[in-house]
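J.: This is the structure I have questions about; it appears just below.
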Protein chains: 2
Amino acid sequence: MVQYGRVTRDEAQRLDAADPLADFVEEFVVAEERLIYLDGNSLGRLPRRTAARVDAVLRHEWGAGLVRSWADWLDLPTRVGDRIGAALLGAGPGQVLVADSTTINLYKLAAAAVEARPGRTVIATDEANFPTDRYVLQGLAGARGMTIRLVGEAGALPAALDGDVALVASSLVDYRSGAVAPAAEITAAAHGAGALTLWDLSHAAGAVVVSLDEWDVDLAAGCSYKYLHGGPGAPAWLYVRQELQEGLVPPVWGWFGNEDQFAMGPGWHPAAGIRRWLSGTPDVLGLTAVEAGVSVLEEAGIDRMRSKAVALTSYGARLAERWLRPLGFTLGSPPDPAQRGSHIALRHHEAYRLSRALIEEAATIVDFRRPDVLRIGLAPLTTRFIDVWDGLDRLRDLAEARAWERYDRTPGRIT
Amino acid sequence: MVQYGRVTRDEAQRLDAADPLADFVEEFVVAEERLIYLDGNSLGRLPRRTAARVDAVLRHEWGAGLVRSWADWLDLPTRVGDRIGAALLGAGPGQVLVADSTTINLYKLAAAAVEARPGRTVIATDEANFPTDRYVLQGLAGARGMTIRLVGEAGALPAALDGDVALVASSLVDYRSGAVAPAAEITAAAHGAGALTLWDLSHAAGAVVVSLDEWDVDLAAGCSYKYLHGGPGAPAWLYVRQELQEGLVPPVWGWFGNEDQFAMGPGWHPAAGIRRWLSGTPDVLGLTAVEAGVSVLEEAGIDRMRSKAVALTSYGARLAERWLRPLGFTLGSPPDPAQRGSHIALRHHEAYRLSRALIEEAATIVDFRRPDVLRIGLAPLTTRFIDVWDGLDRLRDLAEARAWERYDRTPGRIT
């Protein structure tokens, strides 16, 4: 257990010096030394190796190899999927695929799940689930004459289950609070009620230790552009438990998911295994960037990343308690670091305008989430303890000076 | 009209010298001078500017700008869509979006279309439509208790329409034969029967002059990796006619298609206009590559590209008539160049093994399509007349030598 002494900047430097992952910052592009980037849970930093790898794929595989390179590209979705599964998800091979966006993957998985539970008319989820997840489920439910059973948060899902529920869907790590849901417990409850489970791991993969196989999870999906460092809008991944693969049919019958793709025959027959979840032509540039990002995570190892995440959020919460609580902030995350992902929420009635001030006056990037959350993302491989110290130090100074009064109240589209 | 003299290699060189688009070859990476690439209708060549542009986006926008770059990235799907619409589709602004894959876009558009024609139980399409299109429609029809009315080819669709048909779907350019369907006529017939139309333009955009607005087309989609030179698995585009936009609701309710994306509120309300068709986070690298490719096409202009396409397929058909028909080949494309896209089909009973011989012995890349088609892709910006001459010359030599006897009969997955 890391022990913290007096809150001085030296202390942060000592923590960095003792950090076994400290050198990994060198694996990433850091263009502005002064910038404190506490938003790696929105968009992870660019790995140095990614630019070189993408350039090689562009020039050699596409430019020179042309269509012949499909011999290698065809397996990218499962090859990268297997690497993500092994490194970050506790998933054996043949269960993870990289394709499409998180939203599309959630749609495909949820549609197949409710199809596999005929006669059941309810999808259960929680208000804290990420917006696109809730919207996808609402759209599906509406189209199929089903209803959404909405509870306040993931922990309330087991009590909301009965024989009408086809699917239970939630996020493993809450995108605002960072709270970790008891996935194994909720999954067991869902199975007890005869329902399938769908977990969104966008804020979890790379931040907490995930054991999809062990937890008996049915379906999962997540993005690749946060802790996986795959880049803006990188293709997402999906997981379908081995035993369910033969019984589930994706709603989108695409040629890449066909049993014999190049027969181009009259009928679609789902490919064996995870490949049936492919739809259109794989996004080769995106897959290349995801694979490069994941290769950095493989070297770091999820156990060390998780330890660092715990240490970083603990340090941030401790500084916030000392510096920010007297200024009207409250911690919007679970107090126990074991119950958090790799970000913390700081609540303040002027959170939005403070986020503007941090960016514009203090070269510190955090996320604002309505109504009153400053989301402090502490990506394990790219955040130093000194960044936490400096970022919250700058926030304290701005809050003390009531810097928000210099900004207008209208939240922009993205910060 | 281009007039052809005696069939000599000099003649091909003279045609290249007179080609107003000849210099555009310089805009693309050509790694092997000896390689004859007649497969640009499968994967277009890499534009030189793409590698530089992708690298800049990686290093400056992602690496340095980080999450701040979303201020620019948010409009990429519509910005690139508008450029494609104006340059290649005859579509006014606000009707084209670049996102997801062709397969996903076909699914979304077709699902919304049948939803907008309640009570109608039939989707009409043709056997010649591209496989992923047919599979998507079959999957949708099955899930909704609808049936597929299948005709032999697009031209037979008008005769198959009645009040039961919700949607008529086909490809503007046949992926095998290159035949151009009479889209305006079929669309008018569909409208006469009260149905909507969905056109796949993957083999058409950049190859023929398309006038979606003028033809009164309802919905269209297409890929970006053929004549658009956007790269392997680049994000696809979709078109929704202005007047239909308010009435159509995509089946996938994603956060990027929500009216107020960052409100992250309880309900999904479709964004105004074309943006409601966005699902998940836009693929920034892919969009960057597509935009770079389209910028080359804008400089060339679709009218000059179309003239070159006509000249190239005419030249190829003429050489095939002279050299290959005596060897048992037949032209599997319309004899009138105005009725063809930018590729021709050469049929031969040993097409598959000849395609292997071309690649392995003659550095000439063409596509094989079952059962007996050699698909000769003549991308207007990257194919020279000398390439047509050399490629078909090599094919003639191999066919004369019965080179197929050196290869086994099992078609590989992709060539």
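Residue numbering restarts at 1 for every chain of the structure tokens, chains are lettered A, B, ... in their displayed order, and ligands are numbered from 1 as they appear.
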Using only C-alpha atoms, which residues of chain B come within 7 Å of chain A, and what is the closest atom pair for each, with the distance in Å to one decimal? Give it as a Markdown table, sorted by chain and residue number.
T.:
```
| residue | atom | partner | partner_atom | distance |
| --- | --- | --- | --- | --- |
| B:Val29 | CA | A:Gly63 | CA | 5.9 |
| B:Val30 | CA | A:Ala64 | CA | 7.0 |
| B:Ala31 | CA | A:Ala64 | CA | 5.1 |
| B:Leu43 | CA | A:Val67 | CA | 5.9 |
| B:Arg45 | CA | A:Gly63 | CA | 6.4 |
| B:Leu46 | CA | A:Gly63 | CA | 5.1 |
| B:Ala51 | CA | A:Leu58 | CA | 6.5 |
| B:Asp55 | CA | A:Ala51 | CA | 6.6 |
| B:Leu58 | CA | A:Ala51 | CA | 6.5 |
| B:Trp62 | CA | A:Leu46 | CA | 6.6 |
| B:Gly63 | CA | A:Leu46 | CA | 5.1 |
| B:Ala64 | CA | A:Ala31 | CA | 5.1 |
| B:Leu66 | CA | A:Leu43 | CA | 6.9 |
| B:Val67 | CA | A:Leu43 | CA | 5.9 |
| B:Arg68 | CA | A:Thr415 | CA | 6.7 |
| B:Asp100 | CA | A:Asp100 | CA | 6.5 |
| B:Ser101 | CA | A:Gly280 | CA | 5.5 |
| B:Thr102 | CA | A:Gly280 | CA | 6.4 |
| B:Thr103 | CA | A:Gly280 | CA | 5.0 |
| B:Ile104 | CA | A:Ser279 | CA | 6.9 |
| B:Tyr107 | CA | A:Val252 | CA | 6.6 |
| B:Pro131 | CA | A:Met264 | CA | 5.5 |
| B:Thr132 | CA | A:Trp255 | CA | 4.6 |
| B:Tyr135 | CA | A:Trp253 | CA | 5.3 |
| B:Val136 | CA | A:Trp253 | CA | 4.8 |
| B:Gly139 | CA | A:Trp253 | CA | 5.8 |
| B:Pro232 | CA | A:Val284 | CA | 5.7 |
| B:Gly233 | CA | A:Asp283 | CA | 4.0 |
| B:Ala234 | CA | A:Asp283 | CA | 5.8 |
| B:Pro251 | CA | A:Gly139 | CA | 6.5 |
| B:Val252 | CA | A:Val136 | CA | 5.9 |
| B:Trp253 | CA | A:Val136 | CA | 4.8 |
| B:Gly254 | CA | A:Thr132 | CA | 5.1 |
| B:Trp255 | CA | A:Thr132 | CA | 4.6 |
| B:Phe262 | CA | A:Arg413 | CA | 6.0 |
| B:Met264 | CA | A:Pro131 | CA | 5.5 |
| B:Gly267 | CA | A:Tyr135 | CA | 6.7 |
| B:Trp268 | CA | A:Tyr135 | CA | 5.7 |
| B:Ser279 | CA | A:Thr103 | CA | 6.1 |
| B:Gly280 | CA | A:Thr103 | CA | 5.0 |
| B:Thr281 | CA | A:Gly233 | CA | 5.0 |
| B:Pro282 | CA | A:Gly233 | CA | 4.9 |
| B:Asp283 | CA | A:Gly233 | CA | 4.0 |
| B:Val284 | CA | A:Pro232 | CA | 5.7 |
| B:Leu285 | CA | A:Gly286 | CA | 6.9 |
| B:Gly286 | CA | A:Leu285 | CA | 6.9 |
| B:Arg413 | CA | A:Phe262 | CA | 6.0 |
| B:Thr415 | CA | A:Arg68 | CA | 6.5 |
```
J.: Write out as a PyMOL selection string the residues lying within 9 Å of B:Phe24, counting only C-alpha atoms and excluding same-chain residues fewer than 5 positions away.
T.: chain B and resi 296+300+381-382
J.: Could you save those same residues with N, CA and C atoms as an mmCIF file, in the first residue's frame?
T.:
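So the final result, stored in part19.cif, reads:
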```
data_model
loop_
_atom_site.group_PDB
_atom_site.id
_atom_site.type_symbol
_atom_site.label_atom_id
_atom_site.label_comp_id
_atom_site.auth_asym_id
_atom_site.auth_seq_id
_atom_site.Cartn_x
_atom_site.Cartn_y
_atom_site.Cartn_z
ATOM 1 N N VAL B 296 -8.174 14.557 -54.471
ATOM 2 C CA VAL B 296 -7.566 14.280 -55.777
ATOM 3 C C VAL B 296 -8.649 14.210 -56.853
ATOM 4 N N ALA B 300 -9.432 16.271 -60.493
ATOM 5 C CA ALA B 300 -9.599 15.628 -61.804
ATOM 6 C C ALA B 300 -10.957 15.963 -62.416
ATOM 7 N N LEU B 381 -8.041 7.327 -62.687
ATOM 8 C CA LEU B 381 -6.907 8.193 -62.353
ATOM 9 C C LEU B 381 -5.579 7.463 -62.290
ATOM 10 N N THR B 382 -5.607 6.136 -62.237
ATOM 11 C CA THR B 382 -4.357 5.409 -62.007
ATOM 12 C C THR B 382 -4.065 4.363 -63.080
#
```
J.: For B:Ile36, please output as a ChimeraX atom specification all residues within 9 Å (counting only C-alpha atoms; exclusion window: fewer than 3 positions along the same chain).
T.: /B:32-33,362-366,383,387-388,390-391
J.: Mind checking which residues fall within 10 Å of A:Ser202, counting only C-alpha atoms, ignoring those fewer than 6 positions away in the same chain, and posting them as a ChimeraX atom specification?
T.: /A:41-42,102,130,171-175,220-228,236-237
J.: Determine which residues of stretch 26-63 of chain A receive a DSSP assignment of strand (DSSP E or B), computed from the backbone, and state them as a PyMOL selection string.
T.: chain A and resi 28+36-37+47
J.: Would you please work out which residue, of A:Glu298, A:Glu214, A:Asp336, A:Glu405, is nearest to A:Thr313 when using only C-alpha atoms?
T.: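 The closest residue to A:Thr313 is A:Asp336.
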J.: Any idea what's packed within 10 Å of A:Asp16, counting only C-alpha atoms, ignoring anything in its chain fewer than 6 positions away? Could you give it as JSON, numbers by chain?
T.: {"A": [10, 22, 23, 383, 384, 385, 386, 387]}
J.: Could you list, as an MDAnalysis selection string, every residue within 12 Å of B:Glu361, counting only C-alpha atoms and ignoring same-chain residues fewer than 3 positions away?
T.: chainID B and resid 34:36 353:358 364:365 391 394:395 397:398 403:404 406:407
J.: What is the atom CA of B:Glu400-atom CA of B:Glu360 distance in Å, reported with one decimal?
T.: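 About the pair atom CA of B:Glu400 and atom CA of B:Glu360: they are 16.5 Å apart.
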J.: Which residues, written as a PyMOL selection string, have at least one atom at most 12 Å from A:Pro335, with only C-alpha atoms counted and residues fewer than 2 positions away on the same chain left out?
T.: chain A and resi 177-180+310+313-318+320-321+330-333+337-341+344-346
